[in-house]
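A quick write-up on the structure given underneath.
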Amino acid sequence: MIKELNETLSFLKEKGFINAEIGIVLGTGLGGMVKEIDIEKTINYDEIPHFPLSTVESHSGKLIYGKLENKYVIAMQGRFHYYEGYSLQEVTFPIRIMKLLGIKFLLLSNAAGAMNLEFKKGSLMLISDHINLLPANPLIGINNSDFGSRFPDMSKVYSPTINNIIESAANNLNIKLHKGIYVVVAGPNLETPAEYRFLRTIGADVVGMSTVPEVIVANHMSLPCAAISVLTDECDPDNLKAVELSEILEVAAKAEVQLIKLFKTVIKELKC
């Protein structure tokens, strides 16, 4: 992986992806935030050496570089997923690249299903912790001690500092922000009623198919991060209704307005 990382790193530096302070990962239906960025560089994933290609129709597959709230950011407009057939090392490759490019903080977003019956679709949830039910881990294999420990601690994987800023911003902006546990599953199918009951029983508030591998790698490389879920559907096993991707995208687009306000405030307040 080191050879591939170095080649990708050299390519992006030559293209002007330098001095970035914050990385942003935009999830399903949440690519609209790039409109807020004063864009200086845009590169399609298929032009970047060793980058996977986004195969999900709601992920455009572009790496964006520019200024937001007077800070240089790198934004992933579309991410990669285990269900696309990629290894978790491939899924998290861009996180390692952004860290090596110099970012100091990482903000992630995703679309998730709400299993906590007090959470309604269209609202946001700050991830306070997660449960990993993927059948693999991005740290499997020979460890590079230059990146981090063989057995990284996970007791505070979501930065308390960033989370405090997010909660304060939500309060000041009058944005309803839940706080809870995210569980990641492989997908790509949605869950059965029995599976929703099981996931709720083990302590999860929402369920999704991303984010956790990226957070594990960020933590491995001592990169402070925070993540917000946009709740796009309600997963009550006793009143479960079929949901289409178009509905998920519609809800995500409406809720993204609040997410953008939060992320912009956080970026403004982060001390890089």
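Quick note on naming: the chains in the structure tokens go A, B, ... in the order shown, residues restart at 1 in each chain, and ligands are numbered from 1 in order of appearance.
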
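The environment of segment 7-11 of chain A within 9 Å, counting only C-alpha atoms and disregarding residues fewer than 2 places along the same chain, consists of A:Ile2, A:Lys3, A:Glu4, A:Leu5, A:Lys13, A:Glu14, A:Lys15, A:Gly16, A:Phe17, A:Ile48, A:Pro49, A:His50, A:Phe51, A:Ile97, A:Met98, A:Leu100, A:Leu101.
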
Excluding segment 244-258 of chain A and its own-chain neighbours fewer than 4 positions away, which residues fall within 7 Å of it when counting only C-alpha atoms? Please give them as an MDAnalysis selection string.
chainID A and resid 29:30 111 122:123 175 230 232:233 262

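Nearest residue to Ser168 of chain A among A:Leu107, A:Leu223, A:Met154, A:Leu126 is A:Leu126, counting only C-alpha atoms.
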
Near-Lys156 of chain A list (12 Å; only C-alpha atoms; drop same-chain fewer than 5 positions) as a PDB file with N, CA and C atoms, in the first residue's frame:
```pdb
ATOM      1  N   ILE A 127     -23.080  11.199  15.846  1.00  0.00           N
ATOM      2  CA  ILE A 127     -22.639   9.865  16.265  1.00  0.00           C
ATOM      3  C   ILE A 127     -21.718   9.997  17.477  1.00  0.00           C
ATOM      4  N   SER A 128     -22.133   9.397  18.583  1.00  0.00           N
ATOM      5  CA  SER A 128     -21.328   9.429  19.799  1.00  0.00           C
ATOM      6  C   SER A 128     -20.461   8.183  19.933  1.00  0.00           C
ATOM      7  N   ASP A 129     -20.879   7.110  19.266  1.00  0.00           N
ATOM      8  CA  ASP A 129     -20.132   5.851  19.306  1.00  0.00           C
ATOM      9  C   ASP A 129     -20.691   4.958  18.201  1.00  0.00           C
ATOM     10  N   HIS A 130     -20.014   3.840  17.945  1.00  0.00           N
ATOM     11  CA  HIS A 130     -20.521   2.953  16.895  1.00  0.00           C
ATOM     12  C   HIS A 130     -20.359   1.485  17.263  1.00  0.00           C
ATOM     13  N   THR A 161     -13.901  17.151  21.367  1.00  0.00           N
ATOM     14  CA  THR A 161     -13.759  18.572  21.051  1.00  0.00           C
ATOM     15  C   THR A 161     -14.661  18.972  19.886  1.00  0.00           C
ATOM     16  N   ILE A 162     -14.606  18.196  18.804  1.00  0.00           N
ATOM     17  CA  ILE A 162     -15.439  18.524  17.640  1.00  0.00           C
ATOM     18  C   ILE A 162     -16.914  18.317  17.972  1.00  0.00           C
ATOM     19  N   ASN A 163     -17.227  17.241  18.675  1.00  0.00           N
ATOM     20  CA  ASN A 163     -18.627  16.983  19.029  1.00  0.00           C
ATOM     21  C   ASN A 163     -19.214  18.105  19.887  1.00  0.00           C
ATOM     22  N   VAL A 215     -13.681   5.908   9.991  1.00  0.00           N
ATOM     23  CA  VAL A 215     -13.403   6.386  11.346  1.00  0.00           C
ATOM     24  C   VAL A 215     -12.309   5.549  12.000  1.00  0.00           C
ATOM     25  N   ILE A 216     -12.331   4.244  11.779  1.00  0.00           N
ATOM     26  CA  ILE A 216     -11.288   3.371  12.332  1.00  0.00           C
ATOM     27  C   ILE A 216      -9.914   3.792  11.808  1.00  0.00           C
ATOM     28  N   ALA A 218      -9.077   6.758  10.494  1.00  0.00           N
ATOM     29  CA  ALA A 218      -8.757   8.083  11.023  1.00  0.00           C
ATOM     30  C   ALA A 218      -8.188   7.962  12.428  1.00  0.00           C
ATOM     31  N   ASN A 219      -8.823   7.155  13.243  1.00  0.00           N
ATOM     32  CA  ASN A 219      -8.359   6.942  14.614  1.00  0.00           C
ATOM     33  C   ASN A 219      -6.971   6.307  14.628  1.00  0.00           C
ATOM     34  N   HIS A 220      -6.758   5.359  13.718  1.00  0.00           N
ATOM     35  CA  HIS A 220      -5.460   4.687  13.614  1.00  0.00           C
ATOM     36  C   HIS A 220      -4.351   5.691  13.328  1.00  0.00           C
ATOM     37  N   SER A 222      -4.438   8.900  14.154  1.00  0.00           N
ATOM     38  CA  SER A 222      -4.545  10.027  15.106  1.00  0.00           C
ATOM     39  C   SER A 222      -5.116  11.269  14.443  1.00  0.00           C
ATOM     40  N   LEU A 223      -6.158  11.050  13.642  1.00  0.00           N
ATOM     41  CA  LEU A 223      -6.846  12.143  12.956  1.00  0.00           C
ATOM     42  C   LEU A 223      -8.190  12.375  13.638  1.00  0.00           C
ATOM     43  N   PRO A 224      -8.367  13.472  14.369  1.00  0.00           N
ATOM     44  CA  PRO A 224      -9.636  13.728  15.056  1.00  0.00           C
ATOM     45  C   PRO A 224     -10.788  13.814  14.061  1.00  0.00           C
ATOM     46  N   CYS A 225     -11.902  13.177  14.390  1.00  0.00           N
ATOM     47  CA  CYS A 225     -13.027  13.163  13.457  1.00  0.00           C
ATOM     48  C   CYS A 225     -14.359  13.246  14.194  1.00  0.00           C
ATOM     49  N   ALA A 226     -15.382  13.594  13.425  1.00  0.00           N
ATOM     50  CA  ALA A 226     -16.759  13.604  13.920  1.00  0.00           C
ATOM     51  C   ALA A 226     -17.656  13.224  12.757  1.00  0.00           C
TER      52      ALA A 226
END
```

Ile202 of chain A environment, 12 Å, only C-alpha atoms, sequence neighbours closer than 5 positions dropped, as a short mmCIF file (atom, residue, chain, number, x, y, z; two decimals) with C-alpha atoms, in the first residue's frame:
```
data_model
loop_
_atom_site.label_atom_id
_atom_site.label_comp_id
_atom_site.auth_asym_id
_atom_site.auth_seq_id
_atom_site.Cartn_x
_atom_site.Cartn_y
_atom_site.Cartn_z
CA MET A 115 -34.34 2.52 14.67
CA HIS A 130 -20.52 2.95 16.89
CA ILE A 131 -20.95 -0.81 16.60
CA ASN A 132 -19.02 -2.51 13.80
CA LEU A 133 -20.81 -5.52 12.26
CA ILE A 181 -25.05 5.00 18.42
CA TYR A 182 -24.49 4.10 14.75
CA VAL A 183 -24.24 0.47 13.69
CA GLU A 195 -32.78 -7.61 12.03
CA TYR A 196 -33.96 -4.15 13.08
CA ARG A 197 -35.12 -5.62 16.41
CA VAL A 207 -28.11 1.76 10.99
#
```

Backbone DSSP call of strand (DSSP E or B) for segment 15-87 of chain A, listed as a list in words:
Ile22, Gly23, Ile24, Val25, Leu26, Asp38, Ile39, Glu40, Lys41, Thr42, Ile43, Asn44, Lys62, Leu63, Ile64, Tyr65, Gly66, Lys67, Leu68, Lys71, Tyr72, Val73, Ile74, Ala75, Met76 and Gln77 of chain A

Nearest candidate to Tyr82 of chain A (options A:Asn143, A:Ser229, A:Asn137, A:Asn239; using only C-alpha atoms)
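Smallest separation from Tyr82 of chain A among the options: A:Asn137.
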
Rank nothing, just name the residue among A:Ala114, A:Ile228, A:Ile24, A:Ala186 nearest to Ala170 of chain A, using only C-alpha atoms.
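Among the listed residues, A:Ile228 lies closest to Ala170 of chain A.
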
For Tyr72 of chain A, the closest of A:Asn44, A:Asn19, A:Ser210, A:Asn174 counting only C-alpha atoms is A:Asn19

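Using only C-alpha atoms, the contacts of Pro138 of chain A at a cut-off of 9 Å, with sequence neighbours closer than 4 positions omitted, comprise A:Ser87, A:Leu88, A:Gln89, A:Glu90, A:Val91, A:Thr92, A:Pro213, A:Glu214, A:Ile216, A:Val217.
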
Which parts of segment 42-266 of chain A does DSSP call alpha helix (DSSP H) when run on the backbone here, written out as number ranges by chain?
A: 88-91, 93-100, 160-172, 193-201, 212-220, 245-266

Write the residues you've just listed into a file as a PDB file, in the first residue's frame, and include C-alpha atoms for each of them.
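Once written, result_6.pdb looks like this:
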```
ATOM      1  CA  LEU A  88     -11.934  -2.068   3.452  1.00  0.00           C
ATOM      2  CA  GLN A  89      -8.348  -1.073   2.737  1.00  0.00           C
ATOM      3  CA  GLU A  90      -9.581   0.303  -0.603  1.00  0.00           C
ATOM      4  CA  VAL A  91     -12.636   1.916   0.998  1.00  0.00           C
ATOM      5  CA  PHE A  93      -7.571   4.623   1.041  1.00  0.00           C
ATOM      6  CA  PRO A  94      -8.771   8.248   0.571  1.00  0.00           C
ATOM      7  CA  ILE A  95      -8.769   8.838   4.338  1.00  0.00           C
ATOM      8  CA  ARG A  96      -5.105   7.915   4.546  1.00  0.00           C
ATOM      9  CA  ILE A  97      -4.400  10.134   1.533  1.00  0.00           C
ATOM     10  CA  MET A  98      -6.160  13.150   3.075  1.00  0.00           C
ATOM     11  CA  LYS A  99      -4.250  12.686   6.327  1.00  0.00           C
ATOM     12  CA  LEU A 100      -0.944  12.455   4.432  1.00  0.00           C
ATOM     13  CA  PRO A 160     -15.111  15.176  22.113  1.00  0.00           C
ATOM     14  CA  THR A 161     -13.759  18.572  21.051  1.00  0.00           C
ATOM     15  CA  ILE A 162     -15.439  18.524  17.640  1.00  0.00           C
ATOM     16  CA  ASN A 163     -18.627  16.983  19.029  1.00  0.00           C
ATOM     17  CA  ASN A 164     -18.886  19.764  21.614  1.00  0.00           C
ATOM     18  CA  ILE A 165     -18.561  22.362  18.868  1.00  0.00           C
ATOM     19  CA  ILE A 166     -21.253  20.589  16.826  1.00  0.00           C
ATOM     20  CA  GLU A 167     -23.673  20.394  19.753  1.00  0.00           C
ATOM     21  CA  SER A 168     -23.116  24.036  20.647  1.00  0.00           C
ATOM     22  CA  ALA A 169     -23.616  25.070  17.007  1.00  0.00           C
ATOM     23  CA  ALA A 170     -26.849  23.071  16.770  1.00  0.00           C
ATOM     24  CA  ASN A 171     -28.146  24.756  19.892  1.00  0.00           C
ATOM     25  CA  ASN A 172     -27.254  28.239  18.618  1.00  0.00           C
ATOM     26  CA  PRO A 193     -37.948  -6.525  10.791  1.00  0.00           C
ATOM     27  CA  ALA A 194     -36.131  -9.164  12.850  1.00  0.00           C
ATOM     28  CA  GLU A 195     -32.776  -7.614  12.029  1.00  0.00           C
ATOM     29  CA  TYR A 196     -33.964  -4.152  13.083  1.00  0.00           C
ATOM     30  CA  ARG A 197     -35.125  -5.616  16.411  1.00  0.00           C
ATOM     31  CA  PHE A 198     -31.736  -7.295  16.889  1.00  0.00           C
ATOM     32  CA  LEU A 199     -29.751  -4.153  16.055  1.00  0.00           C
ATOM     33  CA  ARG A 200     -31.868  -2.075  18.421  1.00  0.00           C
ATOM     34  CA  THR A 201     -31.459  -4.693  21.161  1.00  0.00           C
ATOM     35  CA  VAL A 212     -17.130   3.181  10.532  1.00  0.00           C
ATOM     36  CA  PRO A 213     -14.187   1.876   8.438  1.00  0.00           C
ATOM     37  CA  GLU A 214     -13.191   5.475   7.675  1.00  0.00           C
ATOM     38  CA  VAL A 215     -13.403   6.386  11.346  1.00  0.00           C
ATOM     39  CA  ILE A 216     -11.288   3.371  12.332  1.00  0.00           C
ATOM     40  CA  VAL A 217      -8.548   4.440   9.912  1.00  0.00           C
ATOM     41  CA  ALA A 218      -8.757   8.083  11.023  1.00  0.00           C
ATOM     42  CA  ASN A 219      -8.359   6.942  14.614  1.00  0.00           C
ATOM     43  CA  HIS A 220      -5.460   4.687  13.614  1.00  0.00           C
ATOM     44  CA  LEU A 245     -33.725   5.113  -2.986  1.00  0.00           C
ATOM     45  CA  SER A 246     -35.537   8.093  -4.507  1.00  0.00           C
ATOM     46  CA  GLU A 247     -37.333   8.671  -1.178  1.00  0.00           C
ATOM     47  CA  ILE A 248     -34.060   8.436   0.740  1.00  0.00           C
ATOM     48  CA  LEU A 249     -32.418  10.966  -1.567  1.00  0.00           C
ATOM     49  CA  GLU A 250     -35.380  13.341  -1.289  1.00  0.00           C
ATOM     50  CA  VAL A 251     -35.279  13.318   2.516  1.00  0.00           C
ATOM     51  CA  ALA A 252     -31.481  13.649   2.523  1.00  0.00           C
ATOM     52  CA  ALA A 253     -31.622  16.694   0.242  1.00  0.00           C
ATOM     53  CA  LYS A 254     -34.043  18.492   2.545  1.00  0.00           C
ATOM     54  CA  ALA A 255     -32.112  17.671   5.713  1.00  0.00           C
ATOM     55  CA  GLU A 256     -28.798  18.587   4.106  1.00  0.00           C
ATOM     56  CA  VAL A 257     -29.632  22.275   4.526  1.00  0.00           C
ATOM     57  CA  GLN A 258     -29.253  21.866   8.295  1.00  0.00           C
ATOM     58  CA  LEU A 259     -26.180  19.688   7.935  1.00  0.00           C
ATOM     59  CA  ILE A 260     -24.448  22.339   5.820  1.00  0.00           C
ATOM     60  CA  LYS A 261     -25.157  25.009   8.436  1.00  0.00           C
ATOM     61  CA  LEU A 262     -23.628  22.802  11.121  1.00  0.00           C
ATOM     62  CA  PHE A 263     -20.543  21.836   9.152  1.00  0.00           C
ATOM     63  CA  LYS A 264     -19.861  25.437   8.108  1.00  0.00           C
ATOM     64  CA  THR A 265     -20.064  26.592  11.721  1.00  0.00           C
ATOM     65  CA  VAL A 266     -17.772  23.797  12.881  1.00  0.00           C
TER      66      VAL A 266
END
```

From the set A:Glu69, A:Leu26, A:Met76, A:Gly148, which residue has the shortest atom-to-atom contact distance to Leu108 of chain A, counting only C-alpha atoms?
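Using only C-alpha atoms, the shortest distance to Leu108 of chain A belongs to A:Leu26.
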
Show me, as a ChimeraX atom specification, the residues that have an atom within 10 Å of Pro188 of chain A when counting only C-alpha atoms, minus same-chain residues fewer than 3 positions from it.
/A:81-84,185,191,208-209

One number please: atom CA of Gly32 of chain A to atom CA of Ser109 of chain A, in Å, one decimal.
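Between these atoms lies a distance of 12.0 Å.
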
Rounded to one decimal place, report the atom CA of Ala204 of chain A-atom CA of Leu270 of chain A distance in Å.
28.8 Å

Considering only C-alpha atoms, can you say which of A:Pro152, A:Gly180, A:Pro135, A:Gly141 comes closest to Glu118 of chain A?
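Comparing A:Pro152, A:Gly180, A:Pro135, A:Gly141 against Glu118 of chain A, the winner is A:Gly180.
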
Can you tell me which residues surround Ile22 of chain A at a distance of at most 6 Å, considering only C-alpha atoms, apart from same-chain residues fewer than 5 positions away, and format the answer as a list in words?
Val73, Ile103, Lys104, Phe105 and Leu106 of chain A

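For the atom pair formed by atom CA of Gly61 of chain A and atom CA of Gly85 of chain A, the distance is 16.1 Å, given to one decimal.
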